[in-house]
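Trainee: Okay, here's the structure, questions in a sec.
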Amino acid sequence: MFLKKHDIIEKIFYITIAVYFIFSAITLTMAEEVALIALVAKLARYVCYVAFLFIIACNVIDFSKPLTIKNIIVSFVQYMLKHLILVFVILVAMCILLSAKDRAPLVLVLLIWTCSFYDFKKIIAFYFKVMAGFMCFTWGLSLLEIVPEIIITREERQRFSLGFIYPLETMTFLLFLVICYVYLKDKKFTFKDFALINVIGYLLYAVTDARTSYLLIVGVTIVALIYSKTNLEKLLEKINTKVYYIGIAAISLGILGCGYFYRADSDFFLKLDMILNNRIRLMNEAFREYGISLFGENIRWIGYGGQTDTSLVEAIYNFVDCGYAKMLFDYGVVFAVLVCVGYAFMYKHANAKKDYILILAVTMILMVSVMEPRLISIEMNPFVLLLGLFFMKENKSNFKFIL
């Protein structure tokens, strides 16, 4: 009976996350511009929130005891007392909701909590199938002219978004799917995989002209091929986990430091800013305009997404693409630190399990997040679910609760 009930709940879980993944990713497409679709997507996400709570309850409540309000409360309190880090993260997310008027961190924590009861690799495999289908479906809607198409002309060259809000979003979406695919293939990544992905990547680059993301796809596939055809894991095995911790600190603090200390009269900063397509300068402007807060700020970001004529927003453009900086501005120092510690736990877990392809996948995401605001974006980055390794960590000594 328990197994049957467990199977039913698991089916509900996969249906729920499929709906949530799709209707979250819709915000990256021009379908969101259709009023009815936007409303349906919003309602679907709210239904998913309720489903998440139901799935959590089914996994937390002790069904060996009578299903009374008292026993339900006791089950939840005992669970929370065993997971004080989760309690703290929820409190931080609630502070962000009050301070920045943004529920995204609270929803993310709810999603991570829900997914923590199920196998991560199976979730990634499911995510890959669902989102690859979603991407192709979006391209189809664009080609059939069912949703508006963003066409940007620069230097006599046209850039197409294929149903997404901006050409770069299309290529970045593919980039993260490639990272998922590489992770799932592990040591079985072949020359055929390498060739097929790069052909698709090049064809998409020809349409979107998103050079940076295309080069990142090439880089990811080269690393994957080297890993699958060599004994690279032996080298990774020798690397102490502390090196990864230092790497996270160096990447995050390094890019944030460049943004904070940027000077327009410095040749170093000007060259770095040119390489990163004005990302350093825009970070510096955001630091001067908004500063740093504990729990974030409600900022109206203005970017090129959804615009066919980018000249209309150039004068007021303020969007910060760097994932570390945008997270800091939107959600504050406390949540940003928690996320970085969470990524450190991913490395610790991967090293302990000798899951070296996960180490490579996480490293790729951390590097991509310097250029793209996808560090905690479930719309593209499902590896954010592994923050549960830290958020859901049990206390070393559990409190006893008697009622």
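A note on labels: chains of the structure tokens are A, B, ... as shown, every chain counts residues from 1, and ligands are counted from 1 in their shown order.
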Pick out the residues sitting within 12 Å of Ile280 (chain A), and hand them over as a ChimeraX atom specification; count only C-alpha atoms, and ignore anything fewer than 2 positions along from it in its own chain.

Mentor: /A:254-264,268-278,282-287,318-322,324-325,370-371

Trainee: Please build the interface table for region 2-98 of chain A against region 130-140 of chain A with a cut-off of 12 Å, listing for each qualifying residue the nearest atom pair and the distance in Å to one decimal; count only C-alpha atoms, order rows by chain and increasing number, and write it as CSV.

Mentor:
residue,atom,partner,partner_atom,distance
A:Tyr14,CA,A:Val130,CA,10.5
A:Ile15,CA,A:Val130,CA,10.6
A:Thr16,CA,A:Val130,CA,12.0
A:Ile17,CA,A:Val130,CA,9.7
A:Ala18,CA,A:Val130,CA,6.6
A:Val19,CA,A:Val130,CA,9.3
A:Tyr20,CA,A:Val130,CA,10.7
A:Phe21,CA,A:Met131,CA,7.5
A:Ile22,CA,A:Phe134,CA,6.8
A:Phe23,CA,A:Phe134,CA,9.9
A:Ser24,CA,A:Met131,CA,10.8
A:Ala25,CA,A:Met131,CA,8.5
A:Ile26,CA,A:Thr138,CA,9.0
A:Thr27,CA,A:Thr138,CA,11.8
A:Leu28,CA,A:Thr138,CA,10.3
A:Thr29,CA,A:Thr138,CA,7.6
A:Met30,CA,A:Thr138,CA,9.0
A:Ala31,CA,A:Thr138,CA,8.5
A:Glu32,CA,A:Thr138,CA,11.5

Trainee: List the spatial neighbours of region 73-87 of chain A as a PDB file with C-alpha atoms, in the first residue's frame - criterion: any atom at most 12 Å away, only C-alpha atoms, same-chain residues fewer than 4 positions off excluded.

Mentor:
ATOM      1  CA  LEU A  53       3.573  21.874  -0.554  1.00  0.00           C
ATOM      2  CA  ILE A  56       6.565  17.998   0.804  1.00  0.00           C
ATOM      3  CA  ALA A  57       3.791  17.160   3.259  1.00  0.00           C
ATOM      4  CA  CYS A  58       3.504  13.614   1.886  1.00  0.00           C
ATOM      5  CA  ASN A  59       7.237  13.094   2.467  1.00  0.00           C
ATOM      6  CA  VAL A  60       7.437  14.769   5.863  1.00  0.00           C
ATOM      7  CA  ILE A  61       4.305  13.553   7.655  1.00  0.00           C
ATOM      8  CA  ASP A  62       4.606  10.296   9.586  1.00  0.00           C
ATOM      9  CA  PHE A  63       1.764   8.211   8.123  1.00  0.00           C
ATOM     10  CA  SER A  64       2.410   5.372  10.591  1.00  0.00           C
ATOM     11  CA  LYS A  65       0.515   7.493  13.133  1.00  0.00           C
ATOM     12  CA  PRO A  66      -3.110   8.644  12.958  1.00  0.00           C
ATOM     13  CA  LEU A  67      -3.516  11.543  10.514  1.00  0.00           C
ATOM     14  CA  THR A  68      -4.527  14.195  13.047  1.00  0.00           C
ATOM     15  CA  ILE A  69      -3.714  17.909  13.035  1.00  0.00           C
ATOM     16  CA  LEU A  91      13.582  33.078   6.925  1.00  0.00           C
ATOM     17  CA  VAL A  92      16.099  34.803   4.633  1.00  0.00           C
ATOM     18  CA  ALA A  93      13.793  34.229   1.639  1.00  0.00           C
ATOM     19  CA  MET A  94      10.898  35.737   3.593  1.00  0.00           C
ATOM     20  CA  LEU A 106      11.118  31.558  -1.545  1.00  0.00           C
ATOM     21  CA  VAL A 109      13.694  27.082  -1.795  1.00  0.00           C
ATOM     22  CA  LEU A 110      10.273  25.413  -2.023  1.00  0.00           C
ATOM     23  CA  ILE A 112      14.652  22.616  -3.924  1.00  0.00           C
ATOM     24  CA  TRP A 113      12.933  21.185  -0.854  1.00  0.00           C
ATOM     25  CA  SER A 116      15.368  16.846  -2.416  1.00  0.00           C
ATOM     26  CA  LEU A 338      24.186  31.076   1.066  1.00  0.00           C
ATOM     27  CA  VAL A 341      28.259  28.114   0.068  1.00  0.00           C
ATOM     28  CA  GLY A 342      25.677  25.850  -1.576  1.00  0.00           C
ATOM     29  CA  LEU A 387      21.767  23.681  -3.464  1.00  0.00           C
ATOM     30  CA  GLY A 388      19.660  21.239  -1.466  1.00  0.00           C
ATOM     31  CA  LEU A 389      22.899  19.482  -0.497  1.00  0.00           C
ATOM     32  CA  PHE A 390      23.468  22.495   1.759  1.00  0.00           C
ATOM     33  CA  PHE A 391      19.964  23.857   2.351  1.00  0.00           C
ATOM     34  CA  MET A 392      18.590  20.419   3.340  1.00  0.00           C
ATOM     35  CA  LYS A 393      21.597  19.367   5.407  1.00  0.00           C
ATOM     36  CA  GLU A 394      20.578  17.831   8.722  1.00  0.00           C
ATOM     37  CA  ASN A 395      21.994  19.109  12.008  1.00  0.00           C
ATOM     38  CA  LYS A 396      24.809  17.103  13.514  1.00  0.00           C
ATOM     39  CA  SER A 397      22.852  16.960  16.765  1.00  0.00           C
ATOM     40  CA  ASN A 398      19.061  16.926  16.487  1.00  0.00           C
ATOM     41  CA  PHE A 399      16.725  18.629  18.907  1.00  0.00           C
ATOM     42  CA  LYS A 400      14.032  16.544  20.545  1.00  0.00           C
ATOM     43  CA  PHE A 401      10.468  17.777  20.298  1.00  0.00           C
ATOM     44  CA  ILE A 402       7.825  16.487  22.621  1.00  0.00           C
ATOM     45  CA  LEU A 403       4.169  17.516  22.461  1.00  0.00           C
TER      46      LEU A 403
END

Trainee: What is the distance, in Å and to one decimal place, between CA of Pro382 (chain A) and CA of Cys340 (chain A)?

Mentor: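 According to the coordinates, CA of Pro382 (chain A) and CA of Cys340 (chain A) are separated by 15.8 Å.
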
Trainee: Show me, as number ranges by chain, the residues that have an atom within 10 Å of Thr212 (chain A) when counting only C-alpha atoms, minus same-chain residues fewer than 5 positions from it.

Mentor: A: 168, 171-172, 205, 217-218, 276-277, 368, 371

Trainee: Would you put the residues from that selection into a file with N, CA and C atoms, as a PDB file, in the first residue's frame?

Mentor:
ATOM      1  N   LEU A 168      20.320  36.134 -27.848  1.00  0.00           N
ATOM      2  CA  LEU A 168      21.255  35.539 -26.898  1.00  0.00           C
ATOM      3  C   LEU A 168      20.573  34.502 -26.007  1.00  0.00           C
ATOM      4  N   MET A 171      20.470  31.000 -27.681  1.00  0.00           N
ATOM      5  CA  MET A 171      21.738  30.274 -27.665  1.00  0.00           C
ATOM      6  C   MET A 171      22.115  29.846 -26.246  1.00  0.00           C
ATOM      7  N   THR A 172      21.829  30.692 -25.265  1.00  0.00           N
ATOM      8  CA  THR A 172      22.144  30.343 -23.877  1.00  0.00           C
ATOM      9  C   THR A 172      21.286  29.179 -23.408  1.00  0.00           C
ATOM     10  N   TYR A 205      23.990  29.646 -34.214  1.00  0.00           N
ATOM     11  CA  TYR A 205      24.831  30.844 -34.201  1.00  0.00           C
ATOM     12  C   TYR A 205      24.629  31.662 -35.479  1.00  0.00           C
ATOM     13  N   ILE A 217      29.613  26.802 -25.976  1.00  0.00           N
ATOM     14  CA  ILE A 217      29.142  25.461 -26.355  1.00  0.00           C
ATOM     15  C   ILE A 217      30.295  24.639 -26.935  1.00  0.00           C
ATOM     16  N   VAL A 218      31.079  25.264 -27.794  1.00  0.00           N
ATOM     17  CA  VAL A 218      32.253  24.582 -28.361  1.00  0.00           C
ATOM     18  C   VAL A 218      33.208  24.172 -27.237  1.00  0.00           C
ATOM     19  N   LEU A 276      34.184  41.742 -21.939  1.00  0.00           N
ATOM     20  CA  LEU A 276      32.938  41.273 -21.339  1.00  0.00           C
ATOM     21  C   LEU A 276      31.724  42.083 -21.787  1.00  0.00           C
ATOM     22  N   ASN A 277      31.847  42.802 -22.896  1.00  0.00           N
ATOM     23  CA  ASN A 277      30.715  43.521 -23.495  1.00  0.00           C
ATOM     24  C   ASN A 277      30.006  44.467 -22.520  1.00  0.00           C
ATOM     25  N   VAL A 368      30.079  30.331 -16.742  1.00  0.00           N
ATOM     26  CA  VAL A 368      29.056  30.951 -17.590  1.00  0.00           C
ATOM     27  C   VAL A 368      28.339  32.069 -16.840  1.00  0.00           C
ATOM     28  N   MET A 371      29.045  35.743 -17.178  1.00  0.00           N
ATOM     29  CA  MET A 371      28.504  36.447 -18.337  1.00  0.00           C
ATOM     30  C   MET A 371      26.979  36.474 -18.362  1.00  0.00           C
TER      31      MET A 371
END

Trainee: I'd like the contact shell of Leu162 (chain A) - 8 Å cut-off, only C-alpha atoms, skipping same-chain residues fewer than 5 positions apart - returned as a list in words.

Mentor: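 Here the qualifying residues turn out to be Thr138, Trp139, Ser142, Leu143, Glu149, Ile150, Pro167 and Thr170 of chain A.
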
Trainee: Fewer than 5 positions away in the same chain doesn't count, so skip those; otherwise give me all residues within 9 Å of Ala100 (chain A), counting only C-alpha atoms, as a list in words.

Mentor: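 Non-adjacent residues within range: Cys95, Phe295, Gly296, Glu297, Asn298, Ile299, Asp330, Tyr331 and Gly332 of chain A.
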
Trainee: Could you turn the residues from that selection into a file that holds C-alpha atoms, as a PDB file, in the first residue's frame?

Mentor:
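Result written to result-v6.pdb:
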ATOM      1  CA  CYS A  95      13.028  38.775   4.453  1.00  0.00           C
ATOM      2  CA  PHE A 295      18.109  41.330   1.646  1.00  0.00           C
ATOM      3  CA  GLY A 296      18.059  42.885  -1.788  1.00  0.00           C
ATOM      4  CA  GLU A 297      16.137  45.649  -3.482  1.00  0.00           C
ATOM      5  CA  ASN A 298      13.253  45.852  -5.937  1.00  0.00           C
ATOM      6  CA  ILE A 299      15.094  47.133  -9.021  1.00  0.00           C
ATOM      7  CA  ASP A 330      18.243  41.488  -6.296  1.00  0.00           C
ATOM      8  CA  TYR A 331      18.467  39.304  -3.195  1.00  0.00           C
ATOM      9  CA  GLY A 332      21.172  40.810  -0.998  1.00  0.00           C
TER      10      GLY A 332
END

Trainee: Which residues are close to Tyr49 (chain A), i.e. within 9 Å by only C-alpha atoms, leaving aside same-chain residues fewer than 3 positions away? Reply as a ChimeraX atom specification.

Mentor: /A:20,44-46,52-54,107,110-111

Trainee: Please produce an output containing C-alpha atoms for each residue in the selection, written as a PDB file, in the first residue's frame.

Mentor:
ATOM      1  CA  TYR A  20       6.617  24.306 -13.545  1.00  0.00           C
ATOM      2  CA  ALA A  44      -0.130  27.191 -13.601  1.00  0.00           C
ATOM      3  CA  ARG A  45       2.848  28.285 -11.514  1.00  0.00           C
ATOM      4  CA  TYR A  46       0.570  29.008  -8.534  1.00  0.00           C
ATOM      5  CA  PHE A  52       4.997  21.397  -4.048  1.00  0.00           C
ATOM      6  CA  LEU A  53       3.573  21.874  -0.554  1.00  0.00           C
ATOM      7  CA  PHE A  54       1.457  18.741  -0.970  1.00  0.00           C
ATOM      8  CA  VAL A 107       9.763  29.659  -4.557  1.00  0.00           C
ATOM      9  CA  LEU A 110      10.273  25.413  -2.023  1.00  0.00           C
ATOM     10  CA  LEU A 111      11.283  23.745  -5.315  1.00  0.00           C
TER      11      LEU A 111
END

Trainee: Mind giving me the straight-line distance from CA of Ala206 (chain A) to CA of Gln158 (chain A) in Å, one decimal?

Mentor: 9.8 Å

Trainee: Using DSSP on the backbone coordinates, identify the residues of region 32-192 of chain A assigned to alpha helix (DSSP H); present them as number ranges by chain.

Mentor: A: 35-60, 69-82, 84-100, 104-115, 120-143, 167-185, 191-192

Trainee: Name the closest residue to Leu97 (chain A) among the candidates A:Leu236, A:Phe335, A:Ile8, A:Glu314; distances are taken between atoms, counting only C-alpha atoms.

Mentor: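 For Leu97 (chain A), the nearest of the given residues is A:Phe335.
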
Trainee: Please measure the separation of CA of Ala38 (chain A) and CA of Phe126 (chain A), giving the value in Å to one decimal.

Mentor: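 About the pair CA of Ala38 (chain A) and CA of Phe126 (chain A): they are 24.3 Å apart.
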